[in-house]
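Worksheet for the structure shown next.
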Number of protein chains: 2
Amino acid sequence: MTVATLTPEAKTRSRGRPREFDMDAALDAALRVFSERGYHAASISELTEAMGLASGSIYKAFKDKRGIFLAAFTHYRKLGRRRLEAMIASAKTGREKVFQMVMYYTELSYGEAGRKGCLVVGGANDFALLDEEAAAHVVTAFAADEKLMADLIRTGQADGTIPKTVDPDAAALAFLCFTKGLRVIGKTGRSREEMMSATEAAMKLVT
Amino acid sequence: MTVATLTPEAKTRSRGRPREFDMDAALDAALRVFSERGYHAASISELTEAMGLASGSIYKAFKDKRGIFLAAFTHYRKLGRRRLEAMIASAKTGREKVFQMVMYYTELSYGEAGRKGCLVVGGANDFALLDEEAAAHVVTAFAADEKLMADLIRTGQADGTIPKTVDPDAAALAFLCFTKGLRVIGKTGRSREEMMSATEAAMKLVT
DNA sequence: TTGATTTGGAAACGATCATTCCCTAATTAG
DNA sequence: CTAATTAGGGAATGATCGTTTCCAAATCAA
């Protein structure tokens, strides 16, 4: 028992009282508040209530309101990326992968989920001219999507399911605009059928 | 001078002290503030400064902050619709009209104008779950765009510049998503060349 | 054990917010 | 003219905001 390496605990303990709340659950709650209300309309009291924490505890765990948002934003991106990559992996051809990526956003853009909106799209609106660093995170998120889509298009061109005449970079940016637009229009509460029809039409971008 | 009909003034005078400020100029200033900062981050003091009015005067002319936004929103839509219809009228064929409509939004989606963003897209983000009536105005604005685009596509099908195989409603919704997405991505500061390449790619929607 | 350190939580803080009040100025109605 | 009405502007108001402070509780280091 005196040998330190005997302890099988994976996580390194830090000094002081250990955190009692579940960080992932707290960030889930925070991103829900930020998505539904937007950054500026979300108040600390709404966040404390949703996260189940007192304001003092929040300010211990995060630097300030902006810090909560950035943590929730990173959490949101990580979750989303995982789901997106799972959908892409389920498709065999490049063209099908492109379709699955667009479908990922389509399924988020109708009904209740659609109304809640996207934290990245919301962040673009809330921070573009007000917070250079936060805006840079949004740029990074969009760039990752754009690059992934361009890669999928090139995959499709390599396996013959997408014509070589398609400009991968131009089509990827067009898809980026389309999917982010889906999220905007989704805030107005459209049906699955409508959004699906638009997505099917958008697949002409890779013909 | 005693005959009332001699007065050539077009506008009917109301009782009391007449308004001194120019309403259109004030709304121009207000929509600039709301576009750049979003509804919730725009403060009354910022609005008073930009509009050149004291807070008391603003609350005489508008009911409240929401009333300022709604008036600016209506003003913004009126101006935009006029410019959009002018661009459409300059095109001859249906397909060219579709292209000009997409170009209208493309030209607003890069550089400084792009960063300022769209009041309707911003409104969708700021009000969707917080203000039913304001959200309805956003829905109306999107619906008008969608319908206009569908009409242009049908015009193109009638004059033979757009294939009959295109579903006008599905393609119109896809274009709506694309153009609103342009405005979102435009907030991150892209170049004219990039946005143009996406727009050219998007024209595949009507092939 | 003792001390250092960190979290949890409630209350307190100053700043800022949207809004109202009040007084003066300018106009119309009679 | 006088009375009624509306606009302009600035000070005052109450509420709420984000943040800090303070103290008790829980852990680690020694």
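Ligands are numbered from 1 in the order shown, residues from 1 within each chain, and chains are lettered A, B, ... in the order they appear in the structure tokens.
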
Checklist entry - Could you list, as an MDAnalysis selection string, every residue of chain A that has an atom within 6 Å of an atom of chain D, counting only C-alpha atoms (C1' of nucleotides)? => result chainID A and resid 15:17

Any chance you can output those residues with C-alpha atoms as a compact mmCIF listing (two decimals), in the first residue's frame?
```
# COMPACT_ATOMS: atom_id res chain seq x y z
CA ARG A 15 -5.12 19.29 -4.21
CA GLY A 16 -8.04 20.82 -2.37
CA ARG A 17 -11.69 19.88 -2.25
```

Next on the checklist: If the cut-off is 9 Å, can you tell me the residues of chain B near chain A, counting only C-alpha atoms? I'd like them as an NGL selection string.
Outcome noted: :B and (36-41 or 115-117 or 121-122 or 124-130 or 135-136 or 138-139 or 142 or 166-167 or 169-185 or 187-189 or 194-207)

Got time to write the residues from that selection, C-alpha atoms, as a PDB file, in the first residue's frame?
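Now in part.pdb:
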```pdb
ATOM      1  CA  GLU B  36     -23.624  45.040 -35.761  1.00  0.00           C
ATOM      2  CA  ARG B  37     -24.397  44.144 -32.159  1.00  0.00           C
ATOM      3  CA  GLY B  38     -27.560  42.036 -32.270  1.00  0.00           C
ATOM      4  CA  TYR B  39     -30.766  42.866 -30.451  1.00  0.00           C
ATOM      5  CA  HIS B  40     -29.793  41.993 -26.898  1.00  0.00           C
ATOM      6  CA  ALA B  41     -26.294  43.485 -26.965  1.00  0.00           C
ATOM      7  CA  ARG B 115     -19.383  41.200 -41.027  1.00  0.00           C
ATOM      8  CA  LYS B 116     -22.277  43.502 -40.160  1.00  0.00           C
ATOM      9  CA  GLY B 117     -24.683  40.744 -41.026  1.00  0.00           C
ATOM     10  CA  VAL B 121     -30.927  36.265 -39.894  1.00  0.00           C
ATOM     11  CA  GLY B 122     -29.962  37.971 -36.656  1.00  0.00           C
ATOM     12  CA  ALA B 124     -34.116  34.559 -36.283  1.00  0.00           C
ATOM     13  CA  ASN B 125     -31.353  33.929 -33.782  1.00  0.00           C
ATOM     14  CA  ASP B 126     -32.400  36.569 -31.274  1.00  0.00           C
ATOM     15  CA  PHE B 127     -36.152  35.967 -31.165  1.00  0.00           C
ATOM     16  CA  ALA B 128     -37.022  32.416 -32.251  1.00  0.00           C
ATOM     17  CA  LEU B 129     -37.776  31.132 -28.753  1.00  0.00           C
ATOM     18  CA  LEU B 130     -38.104  34.445 -26.907  1.00  0.00           C
ATOM     19  CA  ALA B 135     -40.338  35.678 -34.662  1.00  0.00           C
ATOM     20  CA  ALA B 136     -43.444  35.841 -36.853  1.00  0.00           C
ATOM     21  CA  VAL B 138     -38.871  36.844 -39.388  1.00  0.00           C
ATOM     22  CA  VAL B 139     -40.988  33.992 -40.732  1.00  0.00           C
ATOM     23  CA  PHE B 142     -38.179  34.377 -45.109  1.00  0.00           C
ATOM     24  CA  VAL B 166     -36.397  21.085 -61.241  1.00  0.00           C
ATOM     25  CA  ASP B 167     -38.863  21.148 -58.316  1.00  0.00           C
ATOM     26  CA  ASP B 169     -40.444  24.738 -54.222  1.00  0.00           C
ATOM     27  CA  ALA B 170     -37.620  22.452 -53.154  1.00  0.00           C
ATOM     28  CA  ALA B 171     -35.050  24.462 -55.094  1.00  0.00           C
ATOM     29  CA  ALA B 172     -36.422  27.740 -53.703  1.00  0.00           C
ATOM     30  CA  LEU B 173     -36.055  26.483 -50.128  1.00  0.00           C
ATOM     31  CA  ALA B 174     -32.559  25.241 -50.919  1.00  0.00           C
ATOM     32  CA  PHE B 175     -31.658  28.679 -52.294  1.00  0.00           C
ATOM     33  CA  LEU B 176     -33.191  30.291 -49.223  1.00  0.00           C
ATOM     34  CA  CYS B 177     -30.959  28.175 -46.989  1.00  0.00           C
ATOM     35  CA  PHE B 178     -27.967  28.912 -49.171  1.00  0.00           C
ATOM     36  CA  THR B 179     -28.451  32.683 -49.173  1.00  0.00           C
ATOM     37  CA  LYS B 180     -29.088  32.889 -45.428  1.00  0.00           C
ATOM     38  CA  GLY B 181     -26.053  30.670 -44.923  1.00  0.00           C
ATOM     39  CA  LEU B 182     -24.052  33.096 -47.053  1.00  0.00           C
ATOM     40  CA  ARG B 183     -24.982  35.805 -44.557  1.00  0.00           C
ATOM     41  CA  VAL B 184     -23.883  33.643 -41.624  1.00  0.00           C
ATOM     42  CA  ILE B 185     -20.538  32.702 -43.170  1.00  0.00           C
ATOM     43  CA  LYS B 187     -19.994  37.304 -40.564  1.00  0.00           C
ATOM     44  CA  THR B 188     -16.645  35.526 -40.377  1.00  0.00           C
ATOM     45  CA  GLY B 189     -15.117  37.794 -42.989  1.00  0.00           C
ATOM     46  CA  GLU B 194     -14.650  32.806 -52.205  1.00  0.00           C
ATOM     47  CA  MET B 195     -18.294  33.771 -51.914  1.00  0.00           C
ATOM     48  CA  MET B 196     -18.606  34.119 -55.676  1.00  0.00           C
ATOM     49  CA  SER B 197     -17.218  30.636 -56.200  1.00  0.00           C
ATOM     50  CA  ALA B 198     -19.837  29.224 -53.834  1.00  0.00           C
ATOM     51  CA  THR B 199     -22.581  31.120 -55.625  1.00  0.00           C
ATOM     52  CA  GLU B 200     -21.503  29.835 -59.008  1.00  0.00           C
ATOM     53  CA  ALA B 201     -21.550  26.313 -57.590  1.00  0.00           C
ATOM     54  CA  ALA B 202     -25.001  26.903 -56.109  1.00  0.00           C
ATOM     55  CA  MET B 203     -26.410  27.691 -59.543  1.00  0.00           C
ATOM     56  CA  LYS B 204     -26.341  23.928 -60.167  1.00  0.00           C
ATOM     57  CA  LEU B 205     -29.583  23.893 -58.188  1.00  0.00           C
ATOM     58  CA  VAL B 206     -31.357  25.047 -61.346  1.00  0.00           C
ATOM     59  CA  THR B 207     -29.779  22.626 -63.821  1.00  0.00           C
TER      60      THR B 207
END
```

Checklist entry - How many Å lie between atom CA of Arg19 of chain A and atom C1' of DT6 of chain C, rounded to one decimal? => result 8.6 Å

Checklist entry - Would you list which chain C residues are within 9 Å of chain B using only C-alpha atoms (C1' of nucleotides), as a count of residues only? => result 9

Checklist entry - At what distance in Å, to one decimal, does atom CA of Glu133 of chain B lie from atom CA of Ala26 of chain B? => result 23.0 Å

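Atom CA of Glu107 of chain B sits 16.3 Å away from atom CA of Ala91 of chain B.
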
Item to check | Backbone-only DSSP, helix (DSSP H, G or I) members of segment 78-169 of chain B, as a ChimeraX atom specification | outcome: /B:78-89,94-106,111-116,119-127,132-158,168-169

Next on the checklist: Which residues are near segment 94-97 of chain A? Cut-off 7 Å, only C-alpha atoms (C1' of nucleotides), ignore same chain within fewer than 4 positions. Put them as a list in words.
Outcome noted: Ile88, Met101, Leu152, Ile153, Thr155, Gly156, Asp159, Thr161 and Ile162 of chain A

The selected residues should be written to file as a compact mmCIF listing (two decimals), in the first residue's frame (atoms: N, CA and C atoms).
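part_34.txt, written as the output of this step:
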```
# COMPACT_ATOMS: atom_id res chain seq x y z
N ILE A 88 -20.82 9.76 -41.16
CA ILE A 88 -20.00 9.68 -42.37
C ILE A 88 -19.40 8.27 -42.52
N MET A 101 -23.34 13.79 -44.47
CA MET A 101 -22.93 15.00 -43.75
C MET A 101 -24.02 16.06 -43.83
N LEU A 152 -14.39 14.99 -48.35
CA LEU A 152 -15.38 13.99 -48.76
C LEU A 152 -15.66 14.08 -50.25
N ILE A 153 -15.71 15.30 -50.76
CA ILE A 153 -15.95 15.48 -52.19
C ILE A 153 -14.80 14.87 -53.00
N THR A 155 -12.89 12.50 -52.01
CA THR A 155 -13.06 11.05 -51.88
C THR A 155 -14.02 10.53 -52.94
N GLY A 156 -15.12 11.26 -53.11
CA GLY A 156 -16.11 10.88 -54.11
C GLY A 156 -15.55 10.95 -55.53
N ASP A 159 -13.38 7.84 -55.96
CA ASP A 159 -14.08 6.56 -56.15
C ASP A 159 -15.11 6.62 -57.28
N THR A 161 -17.83 8.47 -57.70
CA THR A 161 -19.24 8.77 -57.44
C THR A 161 -19.54 10.27 -57.56
N ILE A 162 -18.50 11.09 -57.71
CA ILE A 162 -18.68 12.53 -57.92
C ILE A 162 -17.84 12.95 -59.13
```
